[in-house]
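*Asks:* My questions all concern the structure below.
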Amino acid sequence: MASAFAYAPAPESRAIVDIAPSYGLFIDGEFTEAADGKVFKTVSPSTEEVLSEIARAGEADVDRAVKAARKAFVKWSALPGAERAKYLFRIARIIQERSRELAVLETLDNGKPIKETRDADLPLVAAHFFYYAGWADKLEHAGFGRRTTNGHSGANPKPLGVAGQVIPWNFPLLMLAWKIAPALATGNTVVLKPAETTPLSALFFADICRQAGLPKGVVNILPGYGDTGAALVAHPDVDKVAFTGSTAVGKEIARTVAGSRKKLTLELGGKGANIVFDDAPIDQAVEGIVNGIFFNQGQVCCAGSRLLVQESIQDELLDSLKRRLSTLRLGDPLDKNTDIGAINSEEQLSRITTLVEQGEAEGAERWSPACEIPTAGYWFAPTLFTNVTQAHRIARDEIFGPVLSVLTFRTPDEAVAKANNTPYGLSAGIWTEKGSRILAVANKLRAGVVWSNTFNKFDPTSPFGGYKESGFGREGGRHGLEAYLDV
């Protein structure tokens, strides 16, 4: 994109990561072919280059992995928490040691900029394993269940058993850490299905498990398509299901497990409101808006995809925002100067394009900075819509792309009403210099996470999750342990 400065290319070397021509399923500590021999290819979104051929798990493979996890559960759950913690600490340290390799791999397979995988994703992945390693020997003091006279919990929390986990493609390794770290810390074993467009980092994590000496069967990785995930969710010997992904699939999973003994957590879609009041620091708010919707090309469930700006500062804020968007750089995700990488897949690019075209057809005003789109790969320029009403589809549907809808408000009550006027309830942001206003507005927002004067800040100690069609249950923090315990 246009810039006052000329940047020389600063690509990260691909040589640090060695991608094999093919990978098998990871079951019972070994890589193995699918029972029916099926495979699929994983493609780099920025170049459309085939990276590797991956074994595609079927129902028989799911059954084999669940049996391996059930067998491993007997010894794993019997280990003292301090012993389980040693494995988690070891995994965390290996992730740190291999972080550059994993960052390049994630960028190649996902399309997000290397500075995001290097500076955000990988540090958070390691932090989650470190954090839950620290919890492994303290579960009886975590406050679950009733309290005794000495102040300690009277509960004796037990692991559930085999956890079936299905993760999305937008944060492949981070979502893996969010799921696997608390499951292992609490004594459960895992069968995890990564997204079909981003299986590589999960398979590299399988190698990290072997490197850390994790007992066979404690973690099993099954790449595949939707039918693989459906078979895992429906398997009768799975005790816990954790899913992050679309609301439509989440509803189907809820129907599948209804009436069973399975414990379920769902982290689904969002249409987060980013509310900017007239006393907000404009430059700081602009940076938060950009981070809220253009981080990871807007492919974030908690993205601040609806900007609610107080009417009196709309023109000033939009002028500043457009200037800032004109400095963003779209291009090679491996270039350390890149701000906007590739859309994850051709299918997702098609969805974004369709919804944006509908926004224009419904009368919203579209704006994008001057932007050169590469000829190969899947790309979409950062896009801003003004003259948007709550009736527009772009203000209602989760686009999951670098598209921001701008609405206005006059009073705090109107801002709250518009922010809550959505079937989702995952995230929101508030920008104001008044602490009292932050607290008053935050208490009225029906969102699982509310950021004040910042956006998209994550920490392993903080619970994350939503309301309404954004799902239920919490991941992260002490709350994230409870989802994997029988209390």
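By order of appearance in the structure tokens: chains A, B, ..., then residues from 1 within every chain, and ligands from 1 in the order shown.
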Once DSSP has gone over the backbone, tell me which residues of region 130-359 of chain A are in helix (DSSP H, G or I), as a PyMOL selection string.
*Replies:* chain A and resi 130-135+139-141+172-185+200-211+226-234+247-257+282-298+311-325+346-359
*Asks:* Report as a list of chain:residue names all protein, DNA and RNA residues lying within 8 Å of Ile282 (chain A), evaluated on only C-alpha atoms, omitting residues in the same chain fewer than 3 positions from it.
*Replies:*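 In the requested format, the answer is A:Ala285, A:Val286, A:Leu317, A:Ser320.
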*Asks:* Could you write those residues out with N, CA, C and O atoms, as a short mmCIF file (atom, residue, chain, number, x, y, z; two decimals), in the first residue's frame?
*Replies:*
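What ended up in again-v5.cif:
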data_model
loop_
_atom_site.label_atom_id
_atom_site.label_comp_id
_atom_site.auth_asym_id
_atom_site.auth_seq_id
_atom_site.Cartn_x
_atom_site.Cartn_y
_atom_site.Cartn_z
N ALA A 285 -7.16 5.26 19.94
CA ALA A 285 -8.34 4.51 19.52
C ALA A 285 -8.17 3.95 18.11
O ALA A 285 -8.56 2.81 17.84
N VAL A 286 -7.59 4.75 17.23
CA VAL A 286 -7.37 4.28 15.85
C VAL A 286 -6.48 3.04 15.84
O VAL A 286 -6.75 2.07 15.12
N LEU A 317 -12.41 11.04 13.49
CA LEU A 317 -11.90 9.69 13.67
C LEU A 317 -11.74 8.97 12.34
O LEU A 317 -10.73 8.28 12.10
N SER A 320 -8.66 10.12 10.45
CA SER A 320 -7.45 9.55 11.05
C SER A 320 -7.34 8.06 10.73
O SER A 320 -6.25 7.56 10.42
#
*Asks:* List as a PyMOL selection string the protein and nucleic acid residues near region 327-333 of chain A, meaning an atom at most 10 Å away when only C-alpha atoms are counted, but skip any in the same chain fewer than 5 places from it.
*Replies:* chain A and resi 1-5+7+9-12+45-47+104+107-108+110-117+290+294+297+322+338-342+369-374+377+379-382
*Asks:* Quick one: residues within 7 Å of Ile399 (chain A), only C-alpha atoms, excluding same-chain residues fewer than 2 positions away - as a list in words?
*Replies:*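 The filter keeps Ile352, Leu355, Asp397 and Gly401 of chain A.
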*Asks:* Write out as JSON, numbers by chain all residues of region 5-247 of chain A that DSSP puts in strand (DSSP E) for this structure's backbone.
*Replies:* {"A": [22, 23, 25, 26, 27, 30, 31, 32, 39, 40, 41, 42, 43, 50, 51, 52, 53, 54, 55, 158, 159, 162, 163, 164, 165, 166, 189, 190, 191, 192, 193, 219, 220, 221, 240, 241, 242, 243, 244]}
*Asks:* Taking into account only C-alpha atoms, which residue in the set A:Phe243, A:Phe204, A:Tyr467, A:Phe73 is nearest to Leu25 (chain A)?
*Replies:*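 Nearest candidate to Leu25 (chain A) out of A:Phe243, A:Phe204, A:Tyr467, A:Phe73: A:Phe204.
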*Asks:* Contacts of Pro236 (chain A) at 9 Å or less, counting only C-alpha atoms, minus same-chain residues fewer than 3 places along, as a list in words?
*Replies:*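 Contacts, with the query itself left out: Leu232, Val233, Asp239, Ser260 and Lys262 of chain A.
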*Asks:* In Å, how far is it from CA of Tyr225 (chain A) to CA of Lys193 (chain A)?
*Replies:*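 Pair CA of Tyr225 (chain A) / CA of Lys193 (chain A) returns 8.7 Å.
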*Asks:* With only C-alpha atoms as the basis for distance, which of A:Ile16, A:Ala376, A:Ala234, A:Val309 is at the shortest distance from Glu59 (chain A)?
*Replies:*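 That would be A:Ala234, the residue with the smallest distance to Glu59 (chain A).
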*Asks:* Need to verify the contact set: Glu101 (chain A), 12 Å, only C-alpha atoms, exclusion of same-chain residues closer than 4 positions in sequence. Can you return it as a ChimeraX atom specification?
*Replies:* /A:12-19,94-97,105-108,114,117-118,122,200-201,204-205
*Asks:* Please compute the CA of Trp135 (chain A)-CA of Leu176 (chain A) distance, one decimal, in Å.
*Replies:*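 That distance, rounded to one decimal, is 18.0 Å.
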*Asks:* Find the residue from A:Val487, A:Ala20, A:Ala35, A:Ala428 that sits nearest to Val50 (chain A); use only C-alpha atoms when measuring.
*Replies:*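 The closest residue to Val50 (chain A) is A:Ala20.
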*Asks:* Per residue of region 258-374 of chain A within 9 Å of region 459-465 of chain A, record the nearest atom pair and its distance in Å to one decimal, counting only C-alpha atoms, with rows in chain order and ascending residue number, as a Markdown table.
*Replies:*
| residue | atom | partner | partner_atom | distance |
| --- | --- | --- | --- | --- |
| A:Leu266 | CA | A:Gly465 | CA | 8.2 |
| A:Glu267 | CA | A:Gly465 | CA | 6.0 |
| A:Leu268 | CA | A:Gly465 | CA | 8.5 |
*Asks:* Quick one: residues within 10 Å of Lys71 (chain A), only C-alpha atoms counted, chain neighbours fewer than 3 positions away excluded, as a ChimeraX atom specification?
*Replies:* /A:28,65-68,74-76,162,189,216-218
*Asks:* Would you output that residue set with N, CA, C and O atoms, as a CSV table (one decimal), in the first residue's frame?
*Replies:*
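Result written to again.csv:
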chain,number,residue,atom,x,y,z
A,28,ASP,N,-1.4,-43.0,19.3
A,28,ASP,CA,-0.7,-43.8,20.2
A,28,ASP,C,0.8,-43.6,20.1
A,28,ASP,O,1.6,-44.5,20.2
A,65,ALA,N,-7.9,-43.9,17.7
A,65,ALA,CA,-7.3,-42.9,18.5
A,65,ALA,C,-8.0,-42.8,19.9
A,65,ALA,O,-7.3,-42.6,20.9
A,66,VAL,N,-9.3,-42.9,19.9
A,66,VAL,CA,-10.0,-42.8,21.2
A,66,VAL,C,-9.6,-44.0,22.1
A,66,VAL,O,-9.5,-43.8,23.3
A,67,LYS,N,-9.5,-45.2,21.5
A,67,LYS,CA,-9.1,-46.3,22.3
A,67,LYS,C,-7.7,-46.1,22.9
A,67,LYS,O,-7.4,-46.5,24.0
A,68,ALA,N,-6.8,-45.5,22.1
A,68,ALA,CA,-5.4,-45.3,22.6
A,68,ALA,C,-5.4,-44.3,23.7
A,68,ALA,O,-4.7,-44.4,24.7
A,74,VAL,N,-5.6,-44.3,32.0
A,74,VAL,CA,-5.4,-45.0,33.2
A,74,VAL,C,-4.2,-44.5,34.0
A,74,VAL,O,-4.2,-44.2,35.1
A,75,LYS,N,-3.0,-44.5,33.3
A,75,LYS,CA,-1.8,-44.2,33.9
A,75,LYS,C,-1.6,-42.7,34.0
A,75,LYS,O,-1.1,-42.2,35.0
A,76,TRP,N,-2.0,-42.0,33.0
A,76,TRP,CA,-1.8,-40.5,33.0
A,76,TRP,C,-2.6,-39.8,34.1
A,76,TRP,O,-2.1,-39.0,34.8
A,162,VAL,N,-11.4,-39.0,28.3
A,162,VAL,CA,-10.9,-38.6,27.0
A,162,VAL,C,-11.6,-37.4,26.5
A,162,VAL,O,-12.9,-37.3,26.4
A,189,THR,N,-6.8,-37.2,28.8
A,189,THR,CA,-6.1,-37.5,27.5
A,189,THR,C,-6.9,-36.9,26.4
A,189,THR,O,-8.0,-36.6,26.5
A,216,LYS,N,2.8,-42.4,25.4
A,216,LYS,CA,2.0,-42.7,24.2
A,216,LYS,C,0.5,-42.7,24.5
A,216,LYS,O,0.1,-43.2,25.5
A,217,GLY,N,-0.2,-42.1,23.5
A,217,GLY,CA,-1.7,-42.1,23.6
A,217,GLY,C,-2.2,-41.0,24.4
A,217,GLY,O,-3.5,-40.7,24.4
A,218,VAL,N,-1.4,-40.2,25.1
A,218,VAL,CA,-1.9,-39.1,25.9
A,218,VAL,C,-2.4,-38.0,25.0
A,218,VAL,O,-3.5,-37.3,25.2
*Asks:* So how far away is CA of Ala78 (chain A) from CA of Gly161 (chain A), in Å?
*Replies:*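 A separation of 11.5 Å between them.
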*Asks:* Sort by chain and increasing residue number a table of all residues of region 265-299 of chain A within 9 Å of region 405-422 of chain A, each with its closest pair of atoms and their distance in Å to one decimal, counting only C-alpha atoms, and write it as JSON lines.
*Replies:*
{"residue": "A:Gly270", "atom": "CA", "partner": "A:Thr422", "partner_atom": "CA", "distance": 8.9}
{"residue": "A:Lys271", "atom": "CA", "partner": "A:Thr422", "partner_atom": "CA", "distance": 7.3}
{"residue": "A:Gly272", "atom": "CA", "partner": "A:Ala419", "partner_atom": "CA", "distance": 7.7}
{"residue": "A:Ala273", "atom": "CA", "partner": "A:Ala419", "partner_atom": "CA", "distance": 5.4}
{"residue": "A:Asn274", "atom": "CA", "partner": "A:Ala419", "partner_atom": "CA", "distance": 8.2}
{"residue": "A:Ile275", "atom": "CA", "partner": "A:Ala415", "partner_atom": "CA", "distance": 7.1}
{"residue": "A:Phe277", "atom": "CA", "partner": "A:Pro412", "partner_atom": "CA", "distance": 8.3}
*Asks:* For the selection just defined, write its residues with N, CA, C and O atoms to a file, as a PDB file, in the first residue's frame.
*Replies:*
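Printed below is result15.pdb as written:
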ATOM      1  N   GLY A 270     -18.647 -14.319  16.443  1.00  0.00           N
ATOM      2  CA  GLY A 270     -18.814 -13.043  17.122  1.00  0.00           C
ATOM      3  C   GLY A 270     -19.009 -11.910  16.137  1.00  0.00           C
ATOM      4  O   GLY A 270     -18.727 -12.036  14.944  1.00  0.00           O
ATOM      5  N   LYS A 271     -19.521 -10.814  16.650  1.00  0.00           N
ATOM      6  CA  LYS A 271     -19.675  -9.576  15.870  1.00  0.00           C
ATOM      7  C   LYS A 271     -19.424  -8.422  16.822  1.00  0.00           C
ATOM      8  O   LYS A 271     -20.308  -7.626  17.141  1.00  0.00           O
ATOM      9  N   GLY A 272     -18.177  -8.365  17.314  1.00  0.00           N
ATOM     10  CA  GLY A 272     -17.819  -7.477  18.408  1.00  0.00           C
ATOM     11  C   GLY A 272     -17.978  -6.004  18.076  1.00  0.00           C
ATOM     12  O   GLY A 272     -17.650  -5.545  16.981  1.00  0.00           O
ATOM     13  N   ALA A 273     -18.473  -5.248  19.071  1.00  0.00           N
ATOM     14  CA  ALA A 273     -18.615  -3.799  18.940  1.00  0.00           C
ATOM     15  C   ALA A 273     -17.419  -3.106  19.588  1.00  0.00           C
ATOM     16  O   ALA A 273     -17.053  -3.410  20.717  1.00  0.00           O
ATOM     17  N   ASN A 274     -16.830  -2.161  18.873  1.00  0.00           N
ATOM     18  CA  ASN A 274     -15.741  -1.344  19.380  1.00  0.00           C
ATOM     19  C   ASN A 274     -16.303   0.075  19.525  1.00  0.00           C
ATOM     20  O   ASN A 274     -16.549   0.756  18.525  1.00  0.00           O
ATOM     21  N   ILE A 275     -16.540   0.512  20.769  1.00  0.00           N
ATOM     22  CA  ILE A 275     -17.277   1.747  21.031  1.00  0.00           C
ATOM     23  C   ILE A 275     -16.302   2.879  21.361  1.00  0.00           C
ATOM     24  O   ILE A 275     -15.529   2.779  22.314  1.00  0.00           O
ATOM     25  N   PHE A 277     -16.024   6.788  22.401  1.00  0.00           N
ATOM     26  CA  PHE A 277     -16.709   7.980  22.904  1.00  0.00           C
ATOM     27  C   PHE A 277     -15.950   9.246  22.518  1.00  0.00           C
ATOM     28  O   PHE A 277     -14.766   9.202  22.140  1.00  0.00           O
TER      29      PHE A 277
END
